[in-house]
Amino acid sequence: MTPDLIIERIKNRHAGAVLSTKVEFGEGTVSIKRGSLLDVCRFLHNDPELYFDFITDICSVDFIGQEERFEVVYHFYSVRHNHRIRIKARAPENDAAIDSLCPIWKGADWLEREVYDLMGINFIGHPDMRRILMPEDFAGHPLRKDYPTEGRGERSTFDFIPDID
């Protein structure tokens, strides 16, 4: 199925959820309202014509200074049909949260934890929302654009120089 047909199918089923669409380099992207994420994704997974059975990646973008600062980007693939789609949803800084896709794709588990750890976006309903890359006591989220490039001054777990007393 072509990206245009996949997008049309999503728009026909979830017209009120779709904010924008585009096709570039042979891949489709659909930006949706974050409150519609679970419904749209269940449709992507369960519709026999689409059957996106594999979540390949979740990443995020920091649009510092914009009302909806954070964008979460999902990449899906259908092994059965050999097609792809990208879904985007945004969240404001004062409510940096979005529904977890773990109930639909178990593979979302570590991907969501990585986005949480590095960008600080909370995934509502995630079964184990905790850091995955940074130490538990690490201050802040290092991929945010306002995170100091020199760090926050705390000793890093990754600093392997031993203390000499």
# chains A, B, ... in the order shown; residues from 1 in each chain; ligands from 1
>>> closest_atom_pairs(of="region 31-118 of chain A", to="region 132-140 of chain A", cutoff="8 Å", atoms="only C-alpha atoms", output="tab-separated table")
residue	atom	partner	partner_atom	distance
A:Trp110	CA	A:Ile132	CA	7.5
A:Arg113	CA	A:Ile132	CA	6.0
A:Glu114	CA	A:Ile132	CA	6.0
A:Asp117	CA	A:Ile132	CA	6.4
A:Leu118	CA	A:Met134	CA	7.9
>>> write_last_selection(atoms="N, CA, C and O atoms", output="PDB file, in the first residue's frame")
ATOM      1  N   TRP A 110      11.161  -0.121  26.071  1.00  0.00           N
ATOM      2  CA  TRP A 110      12.460   0.523  26.230  1.00  0.00           C
ATOM      3  C   TRP A 110      12.561   1.804  25.412  1.00  0.00           C
ATOM      4  O   TRP A 110      13.263   2.734  25.798  1.00  0.00           O
ATOM      5  N   ARG A 113      11.046   4.508  27.483  1.00  0.00           N
ATOM      6  CA  ARG A 113      11.926   4.809  28.617  1.00  0.00           C
ATOM      7  C   ARG A 113      13.111   5.664  28.175  1.00  0.00           C
ATOM      8  O   ARG A 113      13.552   6.555  28.897  1.00  0.00           O
ATOM      9  N   GLU A 114      13.620   5.413  26.987  1.00  0.00           N
ATOM     10  CA  GLU A 114      14.730   6.219  26.474  1.00  0.00           C
ATOM     11  C   GLU A 114      14.294   7.672  26.268  1.00  0.00           C
ATOM     12  O   GLU A 114      14.998   8.601  26.655  1.00  0.00           O
ATOM     13  N   ASP A 117      13.881   9.279  29.657  1.00  0.00           N
ATOM     14  CA  ASP A 117      15.171   9.522  30.298  1.00  0.00           C
ATOM     15  C   ASP A 117      15.880  10.732  29.705  1.00  0.00           C
ATOM     16  O   ASP A 117      16.364  11.604  30.430  1.00  0.00           O
ATOM     17  N   LEU A 118      15.934  10.816  28.391  1.00  0.00           N
ATOM     18  CA  LEU A 118      16.729  11.849  27.742  1.00  0.00           C
ATOM     19  C   LEU A 118      15.983  13.147  27.486  1.00  0.00           C
ATOM     20  O   LEU A 118      16.595  14.208  27.394  1.00  0.00           O
TER      21      LEU A 118
END
>>> select_by_dssp(residues="chain A", states="helix (DSSP H, G or I)", output="JSON, numbers by chain")
{"A": [3, 4, 5, 6, 7, 8, 9, 10, 11, 12, 13, 34, 35, 36, 37, 38, 39, 40, 41, 42, 43, 44, 45, 46, 93, 94, 95, 108, 109, 110, 111, 112, 113, 114, 115, 116, 117, 118, 119]}
>>> atom_distance(atom1="CA of Leu44 (chain A)", atom2="CA of His81 (chain A)")
12.3 Å
>>> residues_around(residues="region 60-63 of chain A", least_positions_apart="4", cutoff="10 Å", atoms="only C-alpha atoms", output="PyMOL selection string")
chain A and resi 67-74+88-90+92-93+112+114-116+118-121+143-146
>>> residues_around(residues="Phe123 (chain A)", least_positions_apart="3", cutoff="6 Å", atoms="only C-alpha atoms", output="VMD selection string")
chain A and resid 97 to 100 126
>>> write_last_selection(atoms="C-alpha atoms", output="PDB file, in the first residue's frame")
ATOM      1  CA  ALA A  97       3.067  13.518  28.859  1.00  0.00           C
ATOM      2  CA  ILE A  98       1.568  11.194  26.274  1.00  0.00           C
ATOM      3  CA  ASP A  99      -0.105   7.780  26.403  1.00  0.00           C
ATOM      4  CA  SER A 100       2.116   4.722  26.439  1.00  0.00           C
ATOM      5  CA  HIS A 126       3.866   2.697  31.025  1.00  0.00           C
TER       6      HIS A 126
END
>>> select_by_dssp(residues="region 6-146 of chain A", states="strand (DSSP E or B)", output="PyMOL selection string")
chain A and resi 18-24+27-32+54-62+70-78+83-91+97-99+122-124
>>> closest_residue(among="A:Leu101, A:Glu150, A:Ile32, A:Gly65", to="Ser20 (chain A)", atoms="only C-alpha atoms")
A:Ile32
>>> atom_distance(atom1="CA of His45 (chain A)", atom2="CA of Ala96 (chain A)")
24.9 Å
>>> atom_distance(atom1="CA of Arg80 (chain A)", atom2="CA of Tyr51 (chain A)")
7.3 Å
>>> residues_around(residues="Cys102 (chain A)", least_positions_apart="5", cutoff="9 Å", atoms="only C-alpha atoms", output="VMD selection string")
chain A and resid 107 to 109 112 125 to 127
>>> write_last_selection(atoms="N, CA and C atoms", output="PDB file, in the first residue's frame")
ATOM      1  N   GLY A 107       7.219  -3.812  22.302  1.00  0.00           N
ATOM      2  CA  GLY A 107       8.505  -3.231  21.918  1.00  0.00           C
ATOM      3  C   GLY A 107       8.620  -1.748  22.214  1.00  0.00           C
ATOM      4  N   ALA A 108       7.524  -1.102  22.575  1.00  0.00           N
ATOM      5  CA  ALA A 108       7.566   0.326  22.916  1.00  0.00           C
ATOM      6  C   ALA A 108       8.198   0.564  24.277  1.00  0.00           C
ATOM      7  N   ASP A 109       8.301  -0.477  25.082  1.00  0.00           N
ATOM      8  CA  ASP A 109       8.774  -0.356  26.463  1.00  0.00           C
ATOM      9  C   ASP A 109      10.086   0.416  26.577  1.00  0.00           C
ATOM     10  N   GLU A 112      10.173   4.019  24.882  1.00  0.00           N
ATOM     11  CA  GLU A 112       9.540   5.078  25.670  1.00  0.00           C
ATOM     12  C   GLU A 112      10.414   5.472  26.856  1.00  0.00           C
ATOM     13  N   GLY A 125       0.689   5.332  31.711  1.00  0.00           N
ATOM     14  CA  GLY A 125       0.324   3.928  31.643  1.00  0.00           C
ATOM     15  C   GLY A 125       1.493   2.999  31.356  1.00  0.00           C
ATOM     16  N   HIS A 126       2.692   3.545  31.253  1.00  0.00           N
ATOM     17  CA  HIS A 126       3.866   2.697  31.025  1.00  0.00           C
ATOM     18  C   HIS A 126       4.079   1.803  32.244  1.00  0.00           C
ATOM     19  N   PRO A 127       4.399   0.517  32.060  1.00  0.00           N
ATOM     20  CA  PRO A 127       4.505  -0.396  33.197  1.00  0.00           C
ATOM     21  C   PRO A 127       5.739  -0.182  34.084  1.00  0.00           C
TER      22      PRO A 127
END
>>> residues_around(residues="Asp47 (chain A)", least_positions_apart="4", cutoff="12 Å", atoms="only C-alpha atoms", output="PDB file with N, CA and C atoms, in the first residue's frame")
ATOM      1  N   ILE A   6      -2.278   4.794   2.741  1.00  0.00           N
ATOM      2  CA  ILE A   6      -2.250   4.597   4.192  1.00  0.00           C
ATOM      3  C   ILE A   6      -2.779   5.845   4.897  1.00  0.00           C
ATOM      4  N   ARG A   9      -6.508   6.179   4.507  1.00  0.00           N
ATOM      5  CA  ARG A   9      -7.208   5.228   5.375  1.00  0.00           C
ATOM      6  C   ARG A   9      -7.277   5.763   6.811  1.00  0.00           C
ATOM      7  N   ILE A  10      -6.171   6.344   7.287  1.00  0.00           N
ATOM      8  CA  ILE A  10      -6.149   6.928   8.630  1.00  0.00           C
ATOM      9  C   ILE A  10      -7.113   8.115   8.702  1.00  0.00           C
ATOM     10  N   ARG A  13     -10.787   7.087   8.847  1.00  0.00           N
ATOM     11  CA  ARG A  13     -11.195   6.484  10.124  1.00  0.00           C
ATOM     12  C   ARG A  13     -11.103   7.452  11.310  1.00  0.00           C
ATOM     13  N   ASP A  39      -6.101   5.543  20.099  1.00  0.00           N
ATOM     14  CA  ASP A  39      -7.111   5.118  19.116  1.00  0.00           C
ATOM     15  C   ASP A  39      -6.506   4.947  17.726  1.00  0.00           C
ATOM     16  N   VAL A  40      -5.708   5.913  17.303  1.00  0.00           N
ATOM     17  CA  VAL A  40      -5.091   5.836  15.975  1.00  0.00           C
ATOM     18  C   VAL A  40      -4.144   4.644  15.910  1.00  0.00           C
ATOM     19  N   CYS A  41      -3.356   4.448  16.947  1.00  0.00           N
ATOM     20  CA  CYS A  41      -2.382   3.358  16.926  1.00  0.00           C
ATOM     21  C   CYS A  41      -3.033   1.982  17.012  1.00  0.00           C
ATOM     22  N   ARG A  42      -4.119   1.870  17.753  1.00  0.00           N
ATOM     23  CA  ARG A  42      -4.846   0.589  17.751  1.00  0.00           C
ATOM     24  C   ARG A  42      -5.362   0.285  16.340  1.00  0.00           C
ATOM     25  N   PHE A  43      -5.848   1.315  15.670  1.00  0.00           N
ATOM     26  CA  PHE A  43      -6.308   1.149  14.292  1.00  0.00           C
ATOM     27  C   PHE A  43      -5.155   0.699  13.386  1.00  0.00           C
ATOM     28  N   TYR A  51      -2.101  -3.351   9.309  1.00  0.00           N
ATOM     29  CA  TYR A  51      -1.402  -4.292  10.178  1.00  0.00           C
ATOM     30  C   TYR A  51       0.051  -3.902  10.444  1.00  0.00           C
ATOM     31  N   PHE A  52       0.215  -2.776  11.125  1.00  0.00           N
ATOM     32  CA  PHE A  52       1.538  -2.350  11.552  1.00  0.00           C
ATOM     33  C   PHE A  52       1.891  -3.125  12.822  1.00  0.00           C
ATOM     34  N   ASP A  53       2.619  -4.208  12.627  1.00  0.00           N
ATOM     35  CA  ASP A  53       2.921  -5.114  13.724  1.00  0.00           C
ATOM     36  C   ASP A  53       4.258  -4.832  14.393  1.00  0.00           C
ATOM     37  N   SER A  78       4.975  -2.575   8.787  1.00  0.00           N
ATOM     38  CA  SER A  78       4.176  -3.781   8.647  1.00  0.00           C
ATOM     39  C   SER A  78       5.020  -4.835   7.947  1.00  0.00           C
ATOM     40  N   HIS A  81       2.817  -6.534   5.148  1.00  0.00           N
ATOM     41  CA  HIS A  81       2.513  -5.755   3.942  1.00  0.00           C
ATOM     42  C   HIS A  81       3.700  -4.952   3.408  1.00  0.00           C
TER      43      HIS A  81
END
>>> residues_around(residues="Val18 (chain A)", least_positions_apart="3", cutoff="7 Å", atoms="only C-alpha atoms", output="ChimeraX atom specification")
/A:11,14-15,30-33
